[in-house]
Every structure is written in C-alpha cells, then in structure tokens.
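Note sheet for the following structure.
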Amino acid sequence: MKRILVGEGISAKCEKSLEKMGYNVIKLPKFDRLQEGVAFHADMLIFSYEDSIITHAEYYKENRKILDLAGIRVKTTDEPVSKEYPKDILFNAVLTKDRILFSKNDSTSVLIKDLAEKTVNVRQGYTACSTCRVDDDNFITTDAGLYRTYNENGINALLVDKNDIFLPKYDCGFIGGCSVVLSDSVCFFGNIEEHRDYEMMKKFIQECGKRIISLSDEKLTDIGGAVVV
C-alpha cells in the first residue's frame, strides 16, 4: 500500500478519501517549536526529494517511530528553527526536476540548498505553501511574486485568488497547503469547487492531463499539504 505523510489536522472525511484511493495515511504530530496553527503542517516540517526527506533533528527524535514506519531515508539538521518568521521556514522551498531552487534563500536549510544547481531567491518565504505543483512544468500559486518568478524561469504558472482557502487562526491559507498531487490527480482538502477560480484551475489541471478531485465536501482548508513516500 502506498504511504502518505499528512498533518494530524486532516479531517476524517479527507483521510477516508485517501484511504479509499489506496493510501496508508501516516499522520504527522505537531512540532512545538512552530506556531500552533501550522505546527503539524507537512510543508513546515519536512522537505521531500526523491526517496528521502529532510527534517529537524529534534522533530525526528520526537517522532522517530512514526517516520521510520514510512520506510524512507531521513536526513536531519539541527539548524535553528522557531515560531518567529523567517526562522520557521527552514524546509519551505520548491526544488524543480532541473534542480532549480525557489525559496527565501537566507532562511532555507543548507541541506536543501546543497541539492540545487541554481537558486532563485524569492520574497515569499512560504514558497512551498504557496505552490501547487501540478507537474514538473506547471504550477498554481496564490502569490503574484512567485507567479512572475516562475514564468520568468520557464515554468508555466497560474495565479489564483488566496481568499477562498481556510486556515484556522490566519486570514487565509495557501494553495499548496490545501492540495496534494497523487499520480494523475490533483486532490484538494475540502471542496475545490467552492473556490472562485475553480473553473480556471480545472481547465489548467486538465490541460496538464490530470483530474481535479475534492477529497471532501468540507470548506477548502490549508492543512500543510501532504507528501507521498
């Protein structure tokens, strides 16, 4: 059975949908060093590449049994991390298949920067949160700066509104945090049809040869995305 790492804040309905799709859902506990509202978010806790993940040494120590169950290699760092931005975005980065790294570089883990052949510094520190990677060449983002930067670097990007994504304790959530790409489908945590730019996203995703799926009929919610391992 395929395994998927997702924050413990996932709703029962979304979890059940993933299980029906053949996934073993492994829930990530919160990390007390991060802000309460995002402390269990996968895009804040780990960085995934190939068959490995990078995470904080303290988080791995606290949750070794859970992460080892995922059956993947784990690389750790003890770089400083805390609740205060930008000390909370150590793993919040986007690395393309061509090893181009998009992130707020001075706040990104050196382990991630070491993987890159080219780095593009961006103002949006929550880079991964703000990006739904439909495939290697087509991204959806809610950030205008990222939208411009992606297109300038050869990525076909779609800019959508951020205000229809719910994130408890915050004004709004992020498109990357409310989505996960599973094989030939782009899945959303909640009802994507309620988003004002649904039709635009549906067309974009279908043109990439993928389906658009709502994992539940609930409010579209940023839970930090998910990582298939």
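Please note that chains go A, B, ... in the order of the structure tokens, that every chain numbers its residues from 1, and that ligands are numbered from 1 in the order shown.
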
Discussion item. At a cut-off of 9 Å, using only C-alpha atoms, what residues contact Arg123 in chain A? Leave out same-chain residues fewer than 3 positions from it and give the result as an NGL selection string.
Written reply: :A and (103-104 or 126-127 or 145-146)

Discussion item. As a PyMOL selection string, please: the residues near range 184-200 of chain A (cut-off 10 Å, only C-alpha atoms, same-chain neighbours under 4 positions excluded).
Written reply: chain A and resi 10-11+13-15+17-18+132-135+158-166+175-180+204-206+208-226

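Closest approach to Val181 in chain A from the set A:Ile4, A:Lys169, A:Val25, A:Thr96 is made by A:Ile4, with distances taken over only C-alpha atoms.
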
Practice prompt. Please return as a PyMOL selection string: the residues of chain A that backbone DSSP assigns to strand (DSSP E or B).
Written response: chain A and resi 2-7+23-28+46-49+52-56+73-77+94-95+100-103+118-121+131-135+138-141+156-159+166+179-182+185-188+211-214+221+226-228

Discussion item. Give me, as a list in words, the residues of range 181-219 of chain A that a backbone DSSP run labels helix (DSSP H, G or I).
Written reply: Ile192, Glu193, Glu194, Tyr198, Glu199, Met200, Met201, Lys202, Lys203, Phe204, Ile205, Gln206 and Glu207 of chain A

Generate the output file for the selected residues, all heavy atoms, as a short mmCIF file (atom, residue, chain, number, x, y, z; two decimals), in the first residue's frame.
data_model
loop_
_atom_site.label_atom_id
_atom_site.label_comp_id
_atom_site.auth_asym_id
_atom_site.auth_seq_id
_atom_site.Cartn_x
_atom_site.Cartn_y
_atom_site.Cartn_z
N ILE A 192 -12.99 21.97 -3.66
CA ILE A 192 -12.33 22.94 -4.52
C ILE A 192 -13.33 23.69 -5.39
O ILE A 192 -13.06 24.82 -5.84
CB ILE A 192 -11.26 22.25 -5.40
CG1 ILE A 192 -10.45 23.28 -6.20
CG2 ILE A 192 -11.88 21.22 -6.32
CD1 ILE A 192 -9.70 24.29 -5.37
N GLU A 193 -14.50 23.13 -5.60
CA GLU A 193 -15.50 23.78 -6.45
C GLU A 193 -16.03 25.08 -5.82
O GLU A 193 -16.62 25.90 -6.52
CB GLU A 193 -16.66 22.82 -6.73
CG GLU A 193 -16.25 21.63 -7.59
CD GLU A 193 -17.40 20.75 -7.95
OE1 GLU A 193 -18.53 21.27 -8.10
OE2 GLU A 193 -17.20 19.53 -8.09
N GLU A 194 -15.81 25.26 -4.54
CA GLU A 194 -16.24 26.49 -3.87
C GLU A 194 -15.26 27.64 -4.07
O GLU A 194 -15.57 28.79 -3.73
CB GLU A 194 -16.44 26.23 -2.37
CG GLU A 194 -17.60 25.29 -2.06
CD GLU A 194 -17.81 25.11 -0.57
OE1 GLU A 194 -16.98 25.62 0.22
OE2 GLU A 194 -18.80 24.46 -0.20
N TYR A 198 -12.20 28.14 -9.45
CA TYR A 198 -12.28 26.70 -9.71
C TYR A 198 -12.21 26.36 -11.18
O TYR A 198 -11.44 25.49 -11.60
CB TYR A 198 -13.56 26.13 -9.10
CG TYR A 198 -13.88 24.74 -9.60
CD1 TYR A 198 -13.08 23.65 -9.23
CD2 TYR A 198 -14.97 24.51 -10.45
CE1 TYR A 198 -13.36 22.37 -9.69
CE2 TYR A 198 -15.24 23.23 -10.93
CZ TYR A 198 -14.44 22.17 -10.54
OH TYR A 198 -14.71 20.92 -11.01
N GLU A 199 -13.03 27.02 -12.00
CA GLU A 199 -13.09 26.68 -13.42
C GLU A 199 -11.74 26.91 -14.09
O GLU A 199 -11.31 26.13 -14.95
CB GLU A 199 -14.18 27.48 -14.13
CG GLU A 199 -15.60 27.12 -13.72
CD GLU A 199 -15.97 25.70 -14.09
OE1 GLU A 199 -15.32 25.13 -15.00
OE2 GLU A 199 -16.90 25.14 -13.48
N MET A 200 -11.06 27.97 -13.70
CA MET A 200 -9.75 28.27 -14.25
C MET A 200 -8.73 27.18 -13.86
O MET A 200 -7.94 26.72 -14.69
CB MET A 200 -9.30 29.65 -13.74
CG MET A 200 -8.07 30.20 -14.43
SD MET A 200 -7.88 31.99 -14.17
CE MET A 200 -7.90 32.11 -12.37
N MET A 201 -8.77 26.76 -12.60
CA MET A 201 -7.88 25.71 -12.13
C MET A 201 -8.21 24.37 -12.78
O MET A 201 -7.31 23.62 -13.16
CB MET A 201 -7.95 25.59 -10.61
CG MET A 201 -7.21 26.69 -9.88
SD MET A 201 -7.09 26.39 -8.10
CE MET A 201 -8.70 26.97 -7.55
N LYS A 202 -9.49 24.08 -12.91
CA LYS A 202 -9.92 22.83 -13.54
C LYS A 202 -9.36 22.73 -14.96
O LYS A 202 -8.81 21.69 -15.36
CB LYS A 202 -11.44 22.75 -13.55
CG LYS A 202 -11.99 21.49 -14.19
CD LYS A 202 -13.52 21.51 -14.17
CE LYS A 202 -14.08 20.28 -14.87
NZ LYS A 202 -15.58 20.31 -14.88
N LYS A 203 -9.50 23.81 -15.73
CA LYS A 203 -9.00 23.82 -17.11
C LYS A 203 -7.49 23.65 -17.14
O LYS A 203 -6.95 22.86 -17.94
CB LYS A 203 -9.39 25.14 -17.78
CG LYS A 203 -8.91 25.24 -19.22
CD LYS A 203 -9.31 26.58 -19.84
CE LYS A 203 -8.81 26.69 -21.27
NZ LYS A 203 -9.12 28.02 -21.86
N PHE A 204 -6.79 24.36 -16.26
CA PHE A 204 -5.33 24.30 -16.20
C PHE A 204 -4.86 22.88 -15.89
O PHE A 204 -3.95 22.34 -16.54
CB PHE A 204 -4.84 25.28 -15.12
CG PHE A 204 -3.35 25.42 -15.03
CD1 PHE A 204 -2.68 26.32 -15.85
CD2 PHE A 204 -2.63 24.69 -14.11
CE1 PHE A 204 -1.29 26.47 -15.75
CE2 PHE A 204 -1.25 24.82 -14.00
CZ PHE A 204 -0.58 25.72 -14.83
N ILE A 205 -5.50 22.27 -14.89
CA ILE A 205 -5.12 20.92 -14.47
C ILE A 205 -5.44 19.89 -15.55
O ILE A 205 -4.64 18.99 -15.82
CB ILE A 205 -5.83 20.58 -13.14
CG1 ILE A 205 -5.21 21.42 -12.00
CG2 ILE A 205 -5.74 19.09 -12.81
CD1 ILE A 205 -6.01 21.38 -10.70
N GLN A 206 -6.59 20.03 -16.16
CA GLN A 206 -6.96 19.09 -17.23
C GLN A 206 -6.05 19.21 -18.43
O GLN A 206 -5.73 18.21 -19.08
CB GLN A 206 -8.42 19.31 -17.63
CG GLN A 206 -9.42 18.85 -16.57
CD GLN A 206 -10.86 19.09 -16.96
OE1 GLN A 206 -11.17 19.92 -17.81
NE2 GLN A 206 -11.77 18.35 -16.34
N GLU A 207 -5.59 20.42 -18.72
CA GLU A 207 -4.66 20.62 -19.83
C GLU A 207 -3.30 19.97 -19.53
O GLU A 207 -2.52 19.71 -20.46
CB GLU A 207 -4.49 22.11 -20.13
CG GLU A 207 -5.71 22.73 -20.81
CD GLU A 207 -5.57 24.22 -21.02
OE1 GLU A 207 -4.64 24.83 -20.43
OE2 GLU A 207 -6.38 24.79 -21.78
#

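Relative to CA of Thr141 in chain A, CA of Arg73 in chain A is found at 29.2 Å.
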
Contacts of range 101-214 of chain A with range 41-47 of chain A up to 8 Å, shortest pair per row, only C-alpha atoms, as CSV:
residue,atom,partner,partner_atom,distance
A:Ile112,CA,A:Phe47,CA,7.9
A:Ala128,CA,A:Asp43,CA,6.4
A:Cys129,CA,A:Asp43,CA,6.3
A:Gly177,CA,A:Asp43,CA,7.2

Produce a file of the selected residues containing N, CA and C atoms, as an mmCIF file, in the first residue's frame.
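Output (selection.cif):
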data_model
loop_
_atom_site.group_PDB
_atom_site.id
_atom_site.type_symbol
_atom_site.label_atom_id
_atom_site.label_comp_id
_atom_site.auth_asym_id
_atom_site.auth_seq_id
_atom_site.Cartn_x
_atom_site.Cartn_y
_atom_site.Cartn_z
ATOM 1 N N ILE A 112 19.016 21.594 1.882
ATOM 2 C CA ILE A 112 18.206 21.788 0.671
ATOM 3 C C ILE A 112 19.004 22.569 -0.368
ATOM 4 N N ALA A 128 6.766 26.805 -0.569
ATOM 5 C CA ALA A 128 6.084 25.524 -0.786
ATOM 6 C C ALA A 128 4.599 25.637 -0.463
ATOM 7 N N CYS A 129 4.284 26.337 0.610
ATOM 8 C CA CYS A 129 2.878 26.541 0.994
ATOM 9 C C CYS A 129 2.096 27.206 -0.142
ATOM 10 N N GLY A 177 -0.840 24.244 0.468
ATOM 11 C CA GLY A 177 -1.230 23.621 1.721
ATOM 12 C C GLY A 177 -2.583 22.934 1.690
#

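Shortest atom-to-atom contact with Thr77 in chain A among A:Ile100, A:Ile26, A:Leu111, A:Ala12: A:Leu111, counting only C-alpha atoms.
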
Discussion item. When you look at Ile155 in chain A with a cut-off of 8 Å (counting only C-alpha atoms), what residues show up, excluding the ones that are within fewer than 6 positions of it in the same chain? I need them as an MDAnalysis selection string.
Written reply: chainID A and resid 137:139

Worksheet item: For Tyr85 in chain A, which of A:Thr131, A:Thr149, A:Gln35, A:Asn156 is the closest residue, counting only C-alpha atoms?
Response: A:Gln35

Practice prompt. Write out as a PyMOL selection string which residues come within 8 Å of range 62-68 of chain A when counting only C-alpha atoms, dropping same-chain ones fewer than 5 positions away.
Written response: chain A and resi 26+28-29+74

If you keep N, CA, C and O atoms, can you produce a file of those selected residues as a JSON list (two decimals), in the first residue's frame?
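File produced: again14.json:
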[["chain", "number", "residue", "atom", "x", "y", "z"],
["A", 26, "ILE", "N", -0.27, 8.35, 7.13],
["A", 26, "ILE", "CA", 0.61, 8.47, 8.30],
["A", 26, "ILE", "C", 0.54, 9.91, 8.77],
["A", 26, "ILE", "O", 0.95, 10.83, 8.05],
["A", 28, "LEU", "N", 1.36, 13.26, 10.79],
["A", 28, "LEU", "CA", 2.49, 13.94, 11.40],
["A", 28, "LEU", "C", 2.04, 14.71, 12.64],
["A", 28, "LEU", "O", 1.19, 15.58, 12.55],
["A", 29, "PRO", "N", 2.62, 14.42, 13.80],
["A", 29, "PRO", "CA", 2.29, 15.18, 15.02],
["A", 29, "PRO", "C", 2.84, 16.60, 14.92],
["A", 29, "PRO", "O", 3.71, 16.89, 14.10],
["A", 74, "VAL", "N", 15.73, 9.30, 6.11],
["A", 74, "VAL", "CA", 15.51, 10.59, 6.77],
["A", 74, "VAL", "C", 16.87, 11.23, 7.04],
["A", 74, "VAL", "O", 17.77, 10.61, 7.61]]
